[in-house]
Amino acid sequence: MGKYDKLLIQVLRGASDANISFEGLCQLLRHLGFDERIRGSHHIFTREGVEEILNLQPIGSKAKAYQVKQVRGVILRYRLGGQDDE
């Protein structure tokens, strides 16, 4: 199991939203095919076929818990991260 799989499971489990690394979350979204644009501290992620725009900001080295919840919702809604997604 790779680091993206472990992080994806951690995000989907939802037990430790406040303990997700911001850089790890950004890497996971890039791995899932999202395009990243950076404006100051805002990391804006878009993907073709995904209606939502994810706007993430770090709090120290961690991702904000409510933003991890938003990412989880998008992953589940669009069924991203499965074997057929790669």
# chains A, B, ... in the order shown; residues from 1 in each chain; ligands from 1
$ residues_around --residues "Gln67 of chain A" --least-positions-apart "6" --cutoff "10 Å" --atoms "only C-alpha atoms" --output "ChimeraX atom specification"
/A:17-18,25,54-58,73
$ select_by_dssp --residues "chain A" --states "alpha helix (DSSP H)" --output "ChimeraX atom specification"
/A:3-13,22-31,65-77
$ closest_residue --among "A:Gly49, A:Leu76, A:Ile20, A:Val68" --to "Gly33 of chain A" --atoms "only C-alpha atoms"
A:Gly49
$ closest_residue --among "A:Glu52, A:Ile9, A:Thr46, A:Tyr66" --to "Gly81 of chain A" --atoms "only C-alpha atoms"
A:Ile9
$ atom_distance --atom1 "atom CA of Leu12 of chain A" --atom2 "atom CA of Arg39 of chain A"
27.1 Å
$ closest_residue --among "A:Arg30, A:Lys3, A:Lys69, A:Arg79" --to "Ile44 of chain A" --atoms "only C-alpha atoms"
A:Arg30
$ select_by_dssp --residues "chain A" --states "strand (DSSP E or B)" --output "PyMOL selection string"
chain A and resi 21+35-39+42-46+54-56+58-59+62-63
$ closest_residue --among "A:Val71, A:Arg13, A:Gly2, A:Gly40" --to "Ile53 of chain A" --atoms "only C-alpha atoms"
A:Val71
$ atom_distance --atom1 "atom CA of Tyr4 of chain A" --atom2 "atom CA of Leu32 of chain A"
9.3 Å
$ closest_residue --among "A:Ile38, A:Ile75, A:Leu8, A:Cys26" --to "Ala63 of chain A" --atoms "only C-alpha atoms"
A:Cys26
$ atom_distance --atom1 "atom CA of Arg47 of chain A" --atom2 "atom CA of Gly60 of chain A"
26.0 Å
$ closest_residue --among "A:Val50, A:Ser61, A:Arg72, A:Tyr78" --to "Ala15 of chain A" --atoms "only C-alpha atoms"
A:Arg72
$ decode --residues "segment 18-67 of chain A" --atoms "N, CA and C atoms" --output "compact mmCIF listing (two decimals), in the first residue's frame"
# COMPACT_ATOMS: atom_id res chain seq x y z
N ALA A 18 -8.32 16.83 11.84
CA ALA A 18 -7.45 17.92 12.28
C ALA A 18 -5.98 17.51 12.27
N ASN A 19 -5.69 16.27 11.94
CA ASN A 19 -4.31 15.78 11.99
C ASN A 19 -3.81 15.36 10.60
N ILE A 20 -4.34 15.95 9.55
CA ILE A 20 -3.92 15.65 8.18
C ILE A 20 -2.91 16.70 7.75
N SER A 21 -1.79 16.25 7.22
CA SER A 21 -0.76 17.16 6.73
C SER A 21 -1.30 17.95 5.54
N PHE A 22 -1.07 19.27 5.53
CA PHE A 22 -1.55 20.10 4.43
C PHE A 22 -0.87 19.70 3.12
N GLU A 23 0.45 19.53 3.17
CA GLU A 23 1.18 19.16 1.95
C GLU A 23 0.75 17.78 1.47
N GLY A 24 0.50 16.87 2.39
CA GLY A 24 0.03 15.54 2.01
C GLY A 24 -1.32 15.60 1.32
N LEU A 25 -2.22 16.44 1.83
CA LEU A 25 -3.55 16.60 1.22
C LEU A 25 -3.43 17.18 -0.18
N CYS A 26 -2.55 18.17 -0.35
CA CYS A 26 -2.32 18.75 -1.68
C CYS A 26 -1.76 17.70 -2.64
N GLN A 27 -0.82 16.90 -2.18
CA GLN A 27 -0.24 15.86 -3.02
C GLN A 27 -1.29 14.83 -3.41
N LEU A 28 -2.17 14.48 -2.47
CA LEU A 28 -3.23 13.52 -2.76
C LEU A 28 -4.15 14.06 -3.85
N LEU A 29 -4.54 15.33 -3.75
CA LEU A 29 -5.43 15.92 -4.76
C LEU A 29 -4.75 15.96 -6.13
N ARG A 30 -3.47 16.31 -6.16
CA ARG A 30 -2.73 16.29 -7.44
C ARG A 30 -2.68 14.87 -7.99
N HIS A 31 -2.48 13.89 -7.12
CA HIS A 31 -2.43 12.48 -7.53
C HIS A 31 -3.78 12.03 -8.10
N LEU A 32 -4.87 12.61 -7.59
CA LEU A 32 -6.21 12.26 -8.06
C LEU A 32 -6.60 13.02 -9.33
N GLY A 33 -5.68 13.81 -9.88
CA GLY A 33 -5.93 14.47 -11.16
C GLY A 33 -6.40 15.91 -11.07
N PHE A 34 -6.33 16.51 -9.90
CA PHE A 34 -6.73 17.91 -9.76
C PHE A 34 -5.60 18.82 -10.21
N ASP A 35 -5.97 19.95 -10.81
CA ASP A 35 -5.01 20.99 -11.16
C ASP A 35 -4.95 21.97 -10.00
N GLU A 36 -3.73 22.43 -9.68
CA GLU A 36 -3.54 23.32 -8.54
C GLU A 36 -3.12 24.70 -9.03
N ARG A 37 -3.72 25.71 -8.42
CA ARG A 37 -3.35 27.11 -8.66
C ARG A 37 -3.14 27.74 -7.30
N ILE A 38 -2.09 28.51 -7.14
CA ILE A 38 -1.77 29.10 -5.84
C ILE A 38 -1.86 30.61 -5.93
N ARG A 39 -2.64 31.19 -5.02
CA ARG A 39 -2.78 32.65 -4.89
C ARG A 39 -2.51 33.00 -3.44
N GLY A 40 -1.29 33.42 -3.13
CA GLY A 40 -0.94 33.70 -1.74
C GLY A 40 -0.92 32.40 -0.96
N SER A 41 -1.69 32.32 0.13
CA SER A 41 -1.75 31.09 0.92
C SER A 41 -2.88 30.17 0.46
N HIS A 42 -3.64 30.58 -0.54
CA HIS A 42 -4.76 29.78 -1.03
C HIS A 42 -4.29 28.83 -2.12
N HIS A 43 -4.56 27.56 -1.92
CA HIS A 43 -4.28 26.53 -2.92
C HIS A 43 -5.64 26.13 -3.49
N ILE A 44 -5.86 26.42 -4.76
CA ILE A 44 -7.16 26.22 -5.38
C ILE A 44 -7.06 25.03 -6.33
N PHE A 45 -7.92 24.03 -6.11
CA PHE A 45 -7.88 22.79 -6.88
C PHE A 45 -9.15 22.66 -7.72
N THR A 46 -8.94 22.36 -9.00
CA THR A 46 -10.06 22.10 -9.91
C THR A 46 -9.76 20.83 -10.69
N ARG A 47 -10.82 20.23 -11.19
CA ARG A 47 -10.67 19.02 -12.00
C ARG A 47 -11.84 18.97 -12.97
N GLU A 48 -11.54 18.59 -14.20
CA GLU A 48 -12.59 18.45 -15.19
C GLU A 48 -13.55 17.36 -14.74
N GLY A 49 -14.83 17.64 -14.81
CA GLY A 49 -15.85 16.69 -14.39
C GLY A 49 -16.26 16.83 -12.93
N VAL A 50 -15.55 17.70 -12.19
CA VAL A 50 -15.88 17.95 -10.78
C VAL A 50 -16.37 19.39 -10.69
N GLU A 51 -17.61 19.55 -10.26
CA GLU A 51 -18.24 20.87 -10.22
C GLU A 51 -17.64 21.78 -9.15
N GLU A 52 -17.29 21.20 -8.00
CA GLU A 52 -16.79 21.98 -6.87
C GLU A 52 -15.36 22.45 -7.11
N ILE A 53 -15.05 23.60 -6.56
CA ILE A 53 -13.68 24.13 -6.53
C ILE A 53 -13.23 24.04 -5.08
N LEU A 54 -12.10 23.39 -4.85
CA LEU A 54 -11.58 23.23 -3.49
C LEU A 54 -10.55 24.32 -3.23
N ASN A 55 -10.79 25.13 -2.23
CA ASN A 55 -9.91 26.24 -1.85
C ASN A 55 -9.35 25.91 -0.48
N LEU A 56 -8.08 25.55 -0.41
CA LEU A 56 -7.46 25.10 0.84
C LEU A 56 -6.42 26.09 1.32
N GLN A 57 -6.35 26.27 2.65
CA GLN A 57 -5.30 27.07 3.27
C GLN A 57 -4.75 26.27 4.44
N PRO A 58 -3.43 26.35 4.67
CA PRO A 58 -2.86 25.61 5.80
C PRO A 58 -3.08 26.35 7.12
N ILE A 59 -3.04 25.62 8.20
CA ILE A 59 -2.98 26.19 9.54
C ILE A 59 -1.75 25.54 10.17
N GLY A 60 -0.63 26.25 10.11
CA GLY A 60 0.66 25.65 10.46
C GLY A 60 1.03 24.68 9.36
N SER A 61 1.34 23.44 9.73
CA SER A 61 1.67 22.43 8.73
C SER A 61 0.49 21.49 8.46
N LYS A 62 -0.64 21.75 9.10
CA LYS A 62 -1.82 20.88 8.97
C LYS A 62 -2.89 21.52 8.09
N ALA A 63 -3.75 20.68 7.57
CA ALA A 63 -4.91 21.16 6.82
C ALA A 63 -6.02 21.47 7.81
N LYS A 64 -6.86 22.41 7.46
CA LYS A 64 -8.01 22.74 8.32
C LYS A 64 -9.00 21.59 8.27
N ALA A 65 -9.55 21.25 9.43
CA ALA A 65 -10.42 20.07 9.54
C ALA A 65 -11.65 20.19 8.64
N TYR A 66 -12.26 21.38 8.57
CA TYR A 66 -13.47 21.50 7.74
C TYR A 66 -13.14 21.36 6.26
N GLN A 67 -11.92 21.72 5.87
CA GLN A 67 -11.52 21.57 4.47
C GLN A 67 -11.23 20.11 4.14
